[in-house]
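Source file: coords_1.cif. Holds: mmCIF, C-alpha atoms and all ligand atoms.
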data_my_file
#
loop_
_atom_site.label_atom_id
_atom_site.label_comp_id
_atom_site.auth_asym_id
_atom_site.auth_seq_id
_atom_site.Cartn_x
_atom_site.Cartn_y
_atom_site.Cartn_z
CA MET A 1372 20.06 24.54 -15.98
CA SER A 1373 16.88 23.77 -17.86
CA LEU A 1374 14.65 21.23 -16.20
CA PRO A 1375 12.60 18.90 -18.37
CA GLN A 1376 8.84 19.29 -18.35
CA VAL A 1377 8.16 15.58 -18.24
CA THR A 1378 10.02 12.70 -16.64
CA VAL A 1379 9.08 9.18 -17.69
CA VAL A 1380 10.05 6.53 -15.12
CA ILE A 1381 10.28 2.93 -16.33
CA PRO A 1382 11.20 -0.03 -14.11
CA VAL A 1383 12.87 -2.85 -16.01
CA TYR A 1384 13.24 -6.43 -14.88
CA ASN A 1385 14.23 -9.09 -17.42
CA GLU A 1386 12.69 -7.24 -20.35
CA GLU A 1387 15.37 -7.82 -23.00
CA ALA A 1388 12.74 -8.98 -25.48
CA SER A 1389 10.56 -5.87 -25.07
CA LEU A 1390 13.10 -3.08 -24.78
CA GLY A 1391 13.86 -2.69 -28.50
CA ALA A 1392 10.19 -2.24 -29.36
CA LEU A 1393 9.73 0.03 -26.35
CA PHE A 1394 12.52 2.40 -27.46
CA ALA A 1395 11.18 2.41 -31.02
CA ARG A 1396 7.77 3.63 -29.85
CA LEU A 1397 8.57 5.61 -26.71
CA TYR A 1398 11.08 8.11 -28.06
CA PRO A 1399 9.06 9.15 -31.14
CA ALA A 1400 5.98 9.53 -28.91
CA LEU A 1401 7.92 11.78 -26.53
CA ASP A 1402 9.61 13.71 -29.32
CA ALA A 1403 6.14 14.51 -30.62
CA LEU A 1404 5.24 16.26 -27.36
CA SER A 1405 5.62 20.00 -27.34
CA GLY A 1406 7.70 20.14 -24.15
CA SER A 1407 11.06 18.77 -23.09
CA TYR A 1408 11.39 15.38 -21.45
CA GLU A 1409 13.74 12.89 -19.85
CA VAL A 1410 13.41 9.11 -19.53
CA ILE A 1411 14.71 7.29 -16.46
CA PHE A 1412 15.09 3.54 -16.73
CA ILE A 1413 15.70 1.57 -13.57
CA ASN A 1414 17.23 -1.83 -14.10
CA ASP A 1415 15.89 -3.83 -11.18
CA GLY A 1416 18.65 -6.43 -11.09
CA SER A 1417 17.66 -8.11 -14.38
CA ARG A 1418 19.36 -11.41 -14.99
CA ASP A 1419 19.14 -11.13 -18.77
CA LYS A 1420 20.70 -8.60 -21.13
CA SER A 1421 18.40 -5.74 -20.13
CA ALA A 1422 21.17 -3.74 -18.44
CA ALA A 1423 23.40 -3.90 -21.52
CA ILE A 1424 20.50 -2.94 -23.81
CA LEU A 1425 19.68 0.04 -21.57
CA ALA A 1426 23.31 1.14 -21.57
CA GLU A 1427 23.30 0.97 -25.35
CA GLN A 1428 20.17 3.10 -25.51
CA TYR A 1429 21.74 5.58 -23.13
CA HIS A 1430 24.55 6.08 -25.62
CA VAL A 1431 22.02 6.55 -28.43
CA ARG A 1432 20.06 9.28 -26.60
CA PRO A 1433 22.26 10.52 -23.72
CA ASP A 1434 20.57 13.93 -23.84
CA VAL A 1435 17.23 12.60 -22.63
CA THR A 1436 18.06 9.23 -21.10
CA ARG A 1437 19.24 8.20 -17.67
CA VAL A 1438 19.72 4.67 -16.44
CA ILE A 1439 19.79 3.66 -12.78
CA LEU A 1440 21.31 0.24 -12.21
CA PHE A 1441 20.20 -1.58 -9.08
CA ASN A 1442 22.46 -4.04 -7.47
CA GLY A 1443 19.77 -6.69 -7.03
CA ASN A 1444 16.06 -7.20 -7.48
CA PHE A 1445 14.15 -4.88 -5.17
CA GLY A 1446 10.77 -4.94 -6.86
CA GLN A 1447 8.88 -2.71 -9.23
CA HIS A 1448 7.75 -0.15 -6.67
CA ARG A 1449 11.14 0.46 -5.17
CA ALA A 1450 12.49 0.82 -8.69
CA ILE A 1451 9.90 3.51 -9.31
CA LEU A 1452 10.82 5.17 -6.01
CA ALA A 1453 14.43 5.36 -7.16
CA GLY A 1454 13.23 6.90 -10.41
CA PHE A 1455 11.19 9.46 -8.46
CA ALA A 1456 14.19 10.35 -6.34
CA HIS A 1457 16.07 11.22 -9.54
CA ALA A 1458 13.22 12.71 -11.54
CA ARG A 1459 13.53 16.40 -12.37
CA GLY A 1460 10.43 16.94 -14.48
CA GLU A 1461 7.39 18.99 -13.60
CA HIS A 1462 5.12 16.07 -14.47
CA ILE A 1463 6.22 12.54 -13.77
CA VAL A 1464 4.83 9.61 -15.75
CA THR A 1465 5.33 5.97 -14.80
CA LEU A 1466 5.20 3.30 -17.46
CA ASP A 1467 5.85 -0.45 -17.62
CA ALA A 1468 8.54 -1.70 -19.93
CA ASP A 1469 6.42 -4.46 -21.43
CA LEU A 1470 4.36 -2.20 -23.74
CA GLN A 1471 1.04 -3.26 -22.21
CA ASN A 1472 0.24 0.45 -22.09
CA PRO A 1473 0.99 2.24 -25.34
CA PRO A 1474 3.58 5.04 -24.95
CA GLU A 1475 1.63 6.91 -27.66
CA ASP A 1476 -1.05 7.56 -25.03
CA ILE A 1477 1.25 9.44 -22.66
CA HIS A 1478 -0.01 12.69 -24.15
CA LEU A 1479 -3.53 11.87 -22.92
CA LEU A 1480 -2.25 11.85 -19.34
CA LEU A 1481 -0.25 15.02 -19.83
CA GLU A 1482 -3.24 16.84 -21.29
CA GLN A 1483 -5.12 16.17 -18.05
CA MET A 1484 -2.14 17.46 -16.07
CA GLU A 1485 -2.32 20.65 -18.12
CA ASN A 1486 -6.01 20.84 -17.25
CA GLY A 1487 -5.04 21.20 -13.61
CA TYR A 1488 -5.26 17.64 -12.30
CA ASP A 1489 -2.35 16.57 -10.14
CA TYR A 1490 -2.90 12.80 -10.40
CA VAL A 1491 -3.94 11.12 -13.60
CA GLY A 1492 -4.73 7.43 -13.26
CA SER A 1493 -5.54 5.24 -16.19
CA ILE A 1494 -8.10 2.64 -17.14
CA ARG A 1495 -7.34 0.02 -19.71
CA ARG A 1496 -9.75 0.30 -22.62
CA SER A 1497 -10.06 -3.40 -23.20
CA ARG A 1498 -8.29 -5.86 -21.04
CA HIS A 1499 -6.51 -8.68 -22.74
CA ASP A 1500 -5.71 -10.42 -19.50
CA SER A 1501 -7.17 -13.84 -18.79
CA TRP A 1502 -10.76 -13.98 -17.49
CA TRP A 1503 -9.82 -15.21 -14.01
CA ARG A 1504 -7.42 -12.36 -13.61
CA HIS A 1505 -10.06 -9.94 -14.71
CA LEU A 1506 -12.59 -11.34 -12.25
CA ALA A 1507 -10.11 -11.62 -9.40
CA SER A 1508 -8.86 -8.08 -9.75
CA ARG A 1509 -12.39 -6.67 -10.12
CA SER A 1510 -13.72 -8.20 -6.95
CA MET A 1511 -10.62 -7.47 -4.91
CA ASN A 1512 -10.68 -3.94 -6.20
CA ARG A 1513 -14.14 -3.42 -4.77
CA VAL A 1514 -13.25 -4.69 -1.31
CA ARG A 1515 -10.03 -2.72 -1.28
CA GLU A 1516 -11.77 0.50 -2.30
CA ARG A 1517 -14.29 0.21 0.52
CA ILE A 1518 -11.60 -0.39 3.08
CA THR A 1519 -8.93 2.10 1.99
CA HIS A 1520 -11.05 4.80 0.29
CA ILE A 1521 -8.51 4.84 -2.48
CA HIS A 1522 -10.33 5.06 -5.77
CA MET A 1523 -8.56 3.30 -8.60
CA THR A 1524 -10.80 1.84 -11.27
CA ASP A 1525 -7.94 -0.19 -12.67
CA GLN A 1526 -5.23 -0.75 -10.13
CA GLY A 1527 -3.26 -3.03 -12.41
CA CYS A 1528 -2.48 -0.21 -14.74
CA MET A 1529 0.82 1.44 -13.88
CA MET A 1530 0.76 4.10 -16.60
CA ARG A 1531 -0.02 7.16 -14.51
CA ALA A 1532 1.04 10.77 -14.25
CA TYR A 1533 1.85 12.61 -11.03
CA SER A 1534 2.58 16.22 -10.26
CA ARG A 1535 5.93 17.35 -8.92
CA ARG A 1536 4.29 18.07 -5.57
CA ILE A 1537 3.02 14.50 -5.21
CA VAL A 1538 6.38 13.04 -6.17
CA ASP A 1539 8.16 15.34 -3.71
CA THR A 1540 5.79 14.14 -1.00
CA ILE A 1541 6.40 10.50 -1.93
CA ASN A 1542 10.13 11.18 -1.79
CA GLN A 1543 9.71 12.13 1.85
CA CYS A 1544 8.08 8.80 2.72
CA ASN A 1545 10.32 6.11 4.09
CA GLU A 1546 7.97 3.16 3.78
CA MET A 1547 9.66 -0.09 2.87
CA HIS A 1548 6.62 -1.63 1.24
CA THR A 1549 4.34 0.49 -0.74
CA PHE A 1550 2.16 0.63 -3.80
CA ILE A 1551 2.97 3.81 -5.67
CA PRO A 1552 -0.41 4.55 -7.31
CA ALA A 1553 -2.18 4.21 -3.94
CA LEU A 1554 0.41 6.23 -2.04
CA ALA A 1555 0.26 8.95 -4.68
CA TYR A 1556 -3.53 8.91 -4.63
CA SER A 1557 -3.52 9.55 -0.88
CA PHE A 1558 -1.54 12.76 -1.50
CA ALA A 1559 -3.52 13.93 -4.52
CA GLN A 1560 -5.68 17.03 -4.33
CA ASN A 1561 -7.33 16.76 -7.68
CA PRO A 1562 -7.19 13.23 -9.09
CA THR A 1563 -8.72 12.03 -12.32
CA GLU A 1564 -8.55 9.02 -14.62
CA VAL A 1565 -8.33 8.59 -18.36
CA VAL A 1566 -8.94 5.62 -20.60
CA ILE A 1567 -5.88 4.38 -22.44
CA GLY A 1568 -5.13 1.53 -24.79
CA HIS A 1569 -4.05 -1.86 -23.60
CA GLU A 1570 -2.13 -4.55 -25.40
CA GLU A 1571 -0.84 -7.98 -24.70
CA ARG A 1572 2.52 -8.07 -23.02
CA HIS A 1573 4.95 -7.46 -25.88
CA ALA A 1574 7.21 -10.37 -24.92
CA GLY A 1575 8.35 -12.30 -21.94
CA GLU A 1576 6.17 -13.28 -19.03
CA SER A 1577 4.30 -11.37 -16.37
CA LYS A 1578 6.30 -11.29 -13.18
CA TYR A 1579 3.09 -11.62 -11.21
CA SER A 1580 0.94 -14.64 -10.48
CA LEU A 1581 -2.50 -14.93 -8.89
CA TYR A 1582 -0.74 -15.28 -5.56
CA THR A 1583 1.03 -11.96 -5.97
CA LEU A 1584 -2.23 -10.35 -7.03
CA ILE A 1585 -3.85 -11.48 -3.78
CA ARG A 1586 -0.78 -10.39 -1.84
CA LEU A 1587 -0.91 -6.98 -3.47
CA ASN A 1588 -4.48 -6.44 -2.35
CA PHE A 1589 -3.72 -7.62 1.14
CA ASP A 1590 -0.77 -5.26 1.23
CA LEU A 1591 -2.96 -2.43 0.03
CA MET A 1592 -5.55 -3.09 2.70
CA THR A 1593 -3.10 -3.49 5.55
CA GLY A 1594 -0.72 -0.85 4.23
CA PHE A 1595 -3.25 1.91 3.79
CA SER A 1596 -5.82 1.19 6.46
CA VAL A 1597 -6.36 -0.32 9.91
CA VAL A 1598 -9.95 -1.22 9.06
CA PRO A 1599 -9.13 -4.97 8.85
CA LEU A 1600 -7.95 -4.84 12.48
CA GLN A 1601 -11.01 -2.87 13.56
CA LEU A 1602 -13.36 -5.17 11.68
CA PHE A 1603 -11.73 -8.05 13.44
CA SER A 1604 -12.30 -6.62 16.87
CA MET A 1605 -15.93 -5.94 15.96
CA LEU A 1606 -16.22 -9.57 14.85
CA GLY A 1607 -14.61 -10.58 18.14
CA ILE A 1608 -17.31 -8.72 20.05
CA LEU A 1609 -20.09 -10.38 18.05
CA VAL A 1610 -18.62 -13.85 18.47
CA SER A 1611 -18.11 -13.44 22.21
CA LEU A 1612 -21.69 -12.20 22.59
CA GLY A 1613 -22.91 -15.24 20.66
CA SER A 1614 -20.81 -17.69 22.66
CA GLY A 1615 -21.87 -15.97 25.91
CA LEU A 1616 -25.50 -16.63 24.98
CA LEU A 1617 -24.65 -20.21 24.14
CA VAL A 1618 -22.99 -20.74 27.53
CA ALA A 1619 -26.01 -19.23 29.32
CA TYR A 1620 -28.35 -21.48 27.36
CA LEU A 1621 -26.30 -24.63 28.03
CA LEU A 1622 -26.03 -23.76 31.72
CA ALA A 1623 -29.76 -23.25 32.03
CA ARG A 1624 -30.39 -26.46 30.17
CA ARG A 1625 -27.99 -28.31 32.45
CA LEU A 1626 -29.78 -27.00 35.54
CA ILE A 1627 -33.32 -27.48 34.26
CA ILE A 1628 -33.19 -30.57 32.06
CA GLY A 1629 -30.03 -32.21 33.39
CA PRO A 1630 -26.68 -33.30 31.88
CA GLU A 1631 -26.41 -33.59 28.12
CA GLU A 1632 -25.44 -36.82 26.47
CA GLY A 1633 -25.17 -36.10 22.78
CA GLY A 1634 -24.02 -32.85 21.28
CA LEU A 1635 -20.33 -33.76 21.09
CA PHE A 1636 -20.12 -32.92 17.43
CA THR A 1637 -22.08 -29.74 17.83
CA LEU A 1638 -19.40 -28.77 20.28
CA PHE A 1639 -16.72 -29.67 17.71
CA ALA A 1640 -18.43 -27.59 15.09
CA ILE A 1641 -18.60 -24.59 17.39
CA THR A 1642 -14.99 -25.04 18.51
CA PHE A 1643 -13.67 -25.33 14.97
CA PHE A 1644 -15.65 -22.31 13.92
CA LEU A 1645 -14.16 -20.25 16.74
CA LEU A 1646 -10.69 -21.66 16.06
CA GLY A 1647 -10.98 -20.60 12.43
CA ILE A 1648 -11.88 -17.08 13.43
CA ALA A 1649 -9.01 -16.98 15.93
CA LEU A 1650 -6.51 -18.16 13.32
CA PHE A 1651 -7.76 -15.59 10.85
CA GLY A 1652 -7.26 -12.93 13.50
CA VAL A 1653 -3.72 -14.10 14.20
CA GLY A 1654 -3.10 -13.92 10.45
CA ILE A 1655 -4.32 -10.33 10.25
CA LEU A 1656 -2.21 -9.38 13.26
CA GLY A 1657 0.71 -11.07 11.51
CA GLU A 1658 0.22 -8.89 8.43
CA TYR A 1659 0.59 -5.76 10.51
CA ILE A 1660 3.43 -7.12 12.60
CA GLY A 1661 5.25 -8.12 9.40
CA ARG A 1662 4.91 -4.55 8.17
CA ILE A 1663 6.20 -3.16 11.44
CA TYR A 1664 9.09 -5.62 11.32
CA HIS A 1665 10.11 -4.46 7.87
CA GLU A 1666 9.82 -0.81 8.85
CA VAL A 1667 11.80 -0.97 12.08
CA ARG A 1668 14.78 -2.65 10.44
CA GLU A 1669 15.22 0.49 8.38
CA ARG A 1670 17.32 -1.25 5.78
CA PRO A 1671 17.98 0.68 2.60
CA ARG A 1672 15.08 0.30 0.21
CA TYR A 1673 17.37 -0.29 -2.73
CA LEU A 1674 21.04 -0.27 -3.57
CA ILE A 1675 22.25 1.54 -6.63
CA ALA A 1676 25.22 -0.01 -8.40
CA GLY A 1677 25.62 2.85 -10.85
CA ILE A 1678 23.87 5.59 -12.77
CA LEU A 1679 24.36 6.38 -16.41
CA GLU A 1680 23.73 10.06 -16.98
CA ALA A 1681 25.23 12.95 -18.86
CA GLU A 1682 27.99 14.81 -16.97
CA ASP A 1683 26.05 18.02 -16.41
CA GLY A 1684 22.82 16.10 -15.90
CA GLN A 1685 20.93 18.38 -18.27
CA GLN A 1686 19.56 18.30 -21.74
N1 LIG A 1701 9.37 -5.12 -12.68
C1 LIG A 1701 10.46 -4.71 -11.90
N2 LIG A 1701 10.86 -5.50 -10.88
C2 LIG A 1701 10.23 -6.66 -10.54
C3 LIG A 1701 9.10 -7.05 -11.32
C4 LIG A 1701 8.69 -6.25 -12.37
O1 LIG A 1701 11.05 -3.66 -12.15
O2 LIG A 1701 10.65 -7.33 -9.61
C5 LIG A 1701 8.92 -4.27 -13.82
C6 LIG A 1701 8.75 -5.00 -15.14
O3 LIG A 1701 9.94 -4.99 -15.89
C7 LIG A 1701 7.69 -4.16 -15.82
C8 LIG A 1701 6.84 -3.69 -14.65
O4 LIG A 1701 7.66 -3.78 -13.49
O5 LIG A 1701 8.23 -3.02 -16.46
C9 LIG A 1701 5.56 -4.50 -14.49
O6 LIG A 1701 5.86 -5.88 -14.43
P1 LIG A 1701 4.96 -6.96 -15.17
O7 LIG A 1701 4.66 -6.53 -16.56
O8 LIG A 1701 5.62 -8.28 -14.99
O9 LIG A 1701 3.64 -6.90 -14.30
P2 LIG A 1701 2.13 -7.01 -14.80
O10 LIG A 1701 1.97 -6.07 -15.96
O11 LIG A 1701 1.93 -8.42 -15.20
O12 LIG A 1701 1.34 -6.59 -13.60
MG MG A 1702 2.95 -5.83 -17.46
#
Just dump the structure as structure tokens.
Ligand code: UDP
Ligand code: MG
Amino acid sequence: MSLPQVTVVIPVYNEEASLGALFARLYPALDALSGSYEVIFINDGSRDKSAAILAEQYHVRPDVTRVILFNGNFGQHRAILAGFAHARGEHIVTLDADLQNPPEDIHLLLEQMENGYDYVGSIRRSRHDSWWRHLASRSMNRVRERITHIHMTDQGCMMRAYSRRIVDTINQCNEMHTFIPALAYSFAQNPTEVVIGHEERHAGESKYSLYTLIRLNFDLMTGFSVVPLQLFSMLGILVSLGSGLLVAYLLARRLIIGPEEGGLFTLFAITFFLLGIALFGVGILGEYIGRIYHEVRERPRYLIAGILEAEDGQQ
């Protein structure tokens, strides 16, 4: 059985408008590569015609195409995990279905793999996202990098290449919630990044809002590091020192000068300040407890309704 050199994993959720253009550019780009390849599409419970379009494409190129059909919407990263579990290639490339990253640039990633890198991230040459998104992701990126030590210049860019070893390691992880590029980075021995093209979403709408962008960064920080918890306990120490001093001062004042009359609102201010910090701490604890909750349930990460693949599963 001959294994393909490259596996391209593409999660698909409500992308009926993009898929035609994707096929028209992806397959020629892959055919132009010197090695063999396979493409794995994961239909993440699309509610439009994506599944039917993927099935059609499977019949056009059954030799190099496999389609995994989920039985609901489990999210982009779990879709990629399912693709990884079925990938047979030596190098595994992930790509979005919306053509924001040109499939013609896949060879740039693969060249770096040939040069001995085991993780090739990507940086969008010019971002066509809105300015607030640009700003939001830049600043969150910086905080996240300091906390997790995961270096990703452009975390929004899913077009990346991973070695078989990294994907095998990811396949051994049972995390319910994860962010593939960061997880892969933590297993990489020799990571690098390349600059690739970037286009507007071909059609349809982004599945992510500003809220999900913030969530993603929170998930990254709490999912890949306990620094937020540690920072919080350090903050707790500082605040208790400060309030200890305040109590000592007020006590001394009470004994030396006598009872206070005013100062009610100062007290409010201090109380609200401390309350805010306490609530923030409860929130951070909640993030970690939520993660633990999801992990201990050990529910299946995704359910596969069916797989379209050639009988012998080879080219
Ligand atoms: N996607 C998915 N499941 C989801 C949401 C998105 O499989 O629940 C896929 C989507 O079809 C696309 C990729 O993940 O191929 C990235 O999604 P999108 O383009 O909406 O994200 P953005 O580029 O805006 O970050
Ligand atoms: Mg996109």
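Nearest residue to ligand MG 1702 (chain A), choosing from A:Cys1528, A:Val1610, A:Leu1600, A:Ile1567 and counting all atoms listed in the file: A:Cys1528.
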Kindly give the distance, in Å, that separates atom CA of Glu1564 of chain A and atom O4 of ligand LIG 1701 (chain A), rounded to a single decimal.
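Computed distance, atom CA of Glu1564 of chain A to atom O4 of ligand LIG 1701 (chain A), equals 20.7 Å.
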Protein and nucleic acid residues within 10 Å of ligand LIG 1701 (chain A) (all atoms listed in the file) as an MDAnalysis selection string
chainID A and resid 1380:1387 1389:1390 1412:1417 1421 1441 1443:1451 1465:1472 1500 1526:1529 1571:1580 1583:1584
Could you save the residues just selected, with C-alpha atoms, as a PDB file, keeping the file's coordinate frame?
ATOM      1  CA  VAL A1380      10.050   6.530 -15.120  1.00  0.00           C
ATOM      2  CA  ILE A1381      10.280   2.930 -16.330  1.00  0.00           C
ATOM      3  CA  PRO A1382      11.200  -0.030 -14.110  1.00  0.00           C
ATOM      4  CA  VAL A1383      12.870  -2.850 -16.010  1.00  0.00           C
ATOM      5  CA  TYR A1384      13.240  -6.430 -14.880  1.00  0.00           C
ATOM      6  CA  ASN A1385      14.230  -9.090 -17.420  1.00  0.00           C
ATOM      7  CA  GLU A1386      12.690  -7.240 -20.350  1.00  0.00           C
ATOM      8  CA  GLU A1387      15.370  -7.820 -23.000  1.00  0.00           C
ATOM      9  CA  SER A1389      10.560  -5.870 -25.070  1.00  0.00           C
ATOM     10  CA  LEU A1390      13.100  -3.080 -24.780  1.00  0.00           C
ATOM     11  CA  PHE A1412      15.090   3.540 -16.730  1.00  0.00           C
ATOM     12  CA  ILE A1413      15.700   1.570 -13.570  1.00  0.00           C
ATOM     13  CA  ASN A1414      17.230  -1.830 -14.100  1.00  0.00           C
ATOM     14  CA  ASP A1415      15.890  -3.830 -11.180  1.00  0.00           C
ATOM     15  CA  GLY A1416      18.650  -6.430 -11.090  1.00  0.00           C
ATOM     16  CA  SER A1417      17.660  -8.110 -14.380  1.00  0.00           C
ATOM     17  CA  SER A1421      18.400  -5.740 -20.130  1.00  0.00           C
ATOM     18  CA  PHE A1441      20.200  -1.580  -9.080  1.00  0.00           C
ATOM     19  CA  GLY A1443      19.770  -6.690  -7.030  1.00  0.00           C
ATOM     20  CA  ASN A1444      16.060  -7.200  -7.480  1.00  0.00           C
ATOM     21  CA  PHE A1445      14.150  -4.880  -5.170  1.00  0.00           C
ATOM     22  CA  GLY A1446      10.770  -4.940  -6.860  1.00  0.00           C
ATOM     23  CA  GLN A1447       8.880  -2.710  -9.230  1.00  0.00           C
ATOM     24  CA  HIS A1448       7.750  -0.150  -6.670  1.00  0.00           C
ATOM     25  CA  ARG A1449      11.140   0.460  -5.170  1.00  0.00           C
ATOM     26  CA  ALA A1450      12.490   0.820  -8.690  1.00  0.00           C
ATOM     27  CA  ILE A1451       9.900   3.510  -9.310  1.00  0.00           C
ATOM     28  CA  THR A1465       5.330   5.970 -14.800  1.00  0.00           C
ATOM     29  CA  LEU A1466       5.200   3.300 -17.460  1.00  0.00           C
ATOM     30  CA  ASP A1467       5.850  -0.450 -17.620  1.00  0.00           C
ATOM     31  CA  ALA A1468       8.540  -1.700 -19.930  1.00  0.00           C
ATOM     32  CA  ASP A1469       6.420  -4.460 -21.430  1.00  0.00           C
ATOM     33  CA  LEU A1470       4.360  -2.200 -23.740  1.00  0.00           C
ATOM     34  CA  GLN A1471       1.040  -3.260 -22.210  1.00  0.00           C
ATOM     35  CA  ASN A1472       0.240   0.450 -22.090  1.00  0.00           C
ATOM     36  CA  ASP A1500      -5.710 -10.420 -19.500  1.00  0.00           C
ATOM     37  CA  GLN A1526      -5.230  -0.750 -10.130  1.00  0.00           C
ATOM     38  CA  GLY A1527      -3.260  -3.030 -12.410  1.00  0.00           C
ATOM     39  CA  CYS A1528      -2.480  -0.210 -14.740  1.00  0.00           C
ATOM     40  CA  MET A1529       0.820   1.440 -13.880  1.00  0.00           C
ATOM     41  CA  GLU A1571      -0.840  -7.980 -24.700  1.00  0.00           C
ATOM     42  CA  ARG A1572       2.520  -8.070 -23.020  1.00  0.00           C
ATOM     43  CA  HIS A1573       4.950  -7.460 -25.880  1.00  0.00           C
ATOM     44  CA  ALA A1574       7.210 -10.370 -24.920  1.00  0.00           C
ATOM     45  CA  GLY A1575       8.350 -12.300 -21.940  1.00  0.00           C
ATOM     46  CA  GLU A1576       6.170 -13.280 -19.030  1.00  0.00           C
ATOM     47  CA  SER A1577       4.300 -11.370 -16.370  1.00  0.00           C
ATOM     48  CA  LYS A1578       6.300 -11.290 -13.180  1.00  0.00           C
ATOM     49  CA  TYR A1579       3.090 -11.620 -11.210  1.00  0.00           C
ATOM     50  CA  SER A1580       0.940 -14.640 -10.480  1.00  0.00           C
ATOM     51  CA  THR A1583       1.030 -11.960  -5.970  1.00  0.00           C
ATOM     52  CA  LEU A1584      -2.230 -10.350  -7.030  1.00  0.00           C
TER      53      LEU A1584
END
10 Å contact set for His1548 of chain A, only C-alpha atoms, chain neighbours under 3 positions out, as a compact mmCIF listing (two decimals) with C-alpha atoms, keeping the file's coordinate frame:
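Produced file out07.txt, reproduced below:
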# COMPACT_ATOMS: atom_id res chain seq x y z
CA GLY A 1446 10.77 -4.94 -6.86
CA HIS A 1448 7.75 -0.15 -6.67
CA ARG A 1449 11.14 0.46 -5.17
CA ASN A 1545 10.32 6.11 4.09
CA ILE A 1551 2.97 3.81 -5.67
CA ASP A 1590 -0.77 -5.26 1.23
CA LEU A 1591 -2.96 -2.43 0.03
CA GLY A 1594 -0.72 -0.85 4.23
CA ARG A 1662 4.91 -4.55 8.17
CA HIS A 1665 10.11 -4.46 7.87
CA GLU A 1666 9.82 -0.81 8.85
CA ARG A 1672 15.08 0.30 0.21
A:His1505, A:Phe1455, A:His1569, A:Ser1493: which is nearest ligand MG 1702 (chain A), counting all atoms listed in the file?
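Comparing A:His1505, A:Phe1455, A:His1569, A:Ser1493 against ligand MG 1702 (chain A), the winner is A:His1569.
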Separation of atom CA of Arg1536 of chain A and atom CA of His1520 of chain A, in Å?
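Calculated distance between atom CA of Arg1536 of chain A and atom CA of His1520 of chain A is 21.1 Å.
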Quick check, in Å to one decimal: how far apart do atom CA of Arg1459 of chain A and atom CA of Pro1375 of chain A lie?
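About the pair atom CA of Arg1459 of chain A and atom CA of Pro1375 of chain A: they are 6.6 Å apart.
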Would you mind telling me which residue in A:Ile1660, A:Ile1627, A:Met1530, A:Val1379 lies nearest to ligand MG 1702 (chain A) when using only C-alpha atoms and all ligand atoms?
A:Met1530
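Distances to Gln1560 of chain A were evaluated for A:Ser1407, A:Ser1373, A:Ser1534, A:Gln1543 using all atoms listed in the file, and the minimum falls at A:Ser1534.
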Between A:Leu1581, A:Pro1599, A:Glu1546, A:Glu1658, which one has atoms that come closest to Arg1670 of chain A, using only C-alpha atoms?
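Smallest separation from Arg1670 of chain A among the options: A:Glu1546.
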Counting all atoms listed in the file, which residue out of A:Asn1561, A:Val1598, A:Asp1525, A:Ile1463 sits closest to Ile1655 of chain A?
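Looking only at the distances to Ile1655 of chain A, the closest residue turns out to be A:Val1598.
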Excluding Pro1474 of chain A and its own-chain neighbours fewer than 3 positions away, which residues fall within 7 Å of it when counting only C-alpha atoms? Please give them as a CSV table (one decimal) with C-alpha atoms, in the coordinates of the input.
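Done, and the output landed in out_19.csv:
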chain,number,residue,atom,x,y,z
A,1396,ARG,CA,7.8,3.6,-29.8
A,1397,LEU,CA,8.6,5.6,-26.7
A,1400,ALA,CA,6.0,9.5,-28.9
A,1477,ILE,CA,1.2,9.4,-22.7
Within 6 Å of Asn1442 of chain A using only C-alpha atoms, minus same-chain residues under 2 positions, as a list in words
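Residues meeting the cut-off are Gly1416, Leu1674, Ile1675 and Ala1676 of chain A.
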Give me the box for segment 1509-1512 of chain A as lines of an AutoDock Vina configuration file, namely the centre and edge lengths in Å to one decimal of a box along x, y and z that holds every listed atom plus 5 Å on each side.
center_x = -12.2
center_y = -6.1
center_z = -7.5
size_x = 13.1
size_y = 14.3
size_z = 15.2
Long-range neighbours of Pro1552 of chain A as a ChimeraX atom specification, 9 Å cut-off, only C-alpha atoms, 3 positions minimum in chain:
/A:1492,1523,1526,1529,1531,1555-1557
Neighbouring residues of Ala1559 of chain A were defined as those with any atom within 12 Å, considering only C-alpha atoms; residues of the same chain fewer than 5 positions away were excluded. Please report them as an mmCIF file with C-alpha atoms, in the frame of the given file.
data_model
loop_
_atom_site.group_PDB
_atom_site.id
_atom_site.type_symbol
_atom_site.label_atom_id
_atom_site.label_comp_id
_atom_site.auth_asym_id
_atom_site.auth_seq_id
_atom_site.Cartn_x
_atom_site.Cartn_y
_atom_site.Cartn_z
ATOM 1 C CA GLY A 1487 -5.040 21.200 -13.610
ATOM 2 C CA TYR A 1488 -5.260 17.640 -12.300
ATOM 3 C CA ASP A 1489 -2.350 16.570 -10.140
ATOM 4 C CA TYR A 1490 -2.900 12.800 -10.400
ATOM 5 C CA VAL A 1491 -3.940 11.120 -13.600
ATOM 6 C CA GLY A 1492 -4.730 7.430 -13.260
ATOM 7 C CA ILE A 1521 -8.510 4.840 -2.480
ATOM 8 C CA HIS A 1522 -10.330 5.060 -5.770
ATOM 9 C CA ALA A 1532 1.040 10.770 -14.250
ATOM 10 C CA TYR A 1533 1.850 12.610 -11.030
ATOM 11 C CA SER A 1534 2.580 16.220 -10.260
ATOM 12 C CA ARG A 1535 5.930 17.350 -8.920
ATOM 13 C CA ARG A 1536 4.290 18.070 -5.570
ATOM 14 C CA ILE A 1537 3.020 14.500 -5.210
ATOM 15 C CA VAL A 1538 6.380 13.040 -6.170
ATOM 16 C CA ASP A 1539 8.160 15.340 -3.710
ATOM 17 C CA THR A 1540 5.790 14.140 -1.000
ATOM 18 C CA ILE A 1541 6.400 10.500 -1.930
ATOM 19 C CA PRO A 1552 -0.410 4.550 -7.310
ATOM 20 C CA ALA A 1553 -2.180 4.210 -3.940
ATOM 21 C CA LEU A 1554 0.410 6.230 -2.040
#
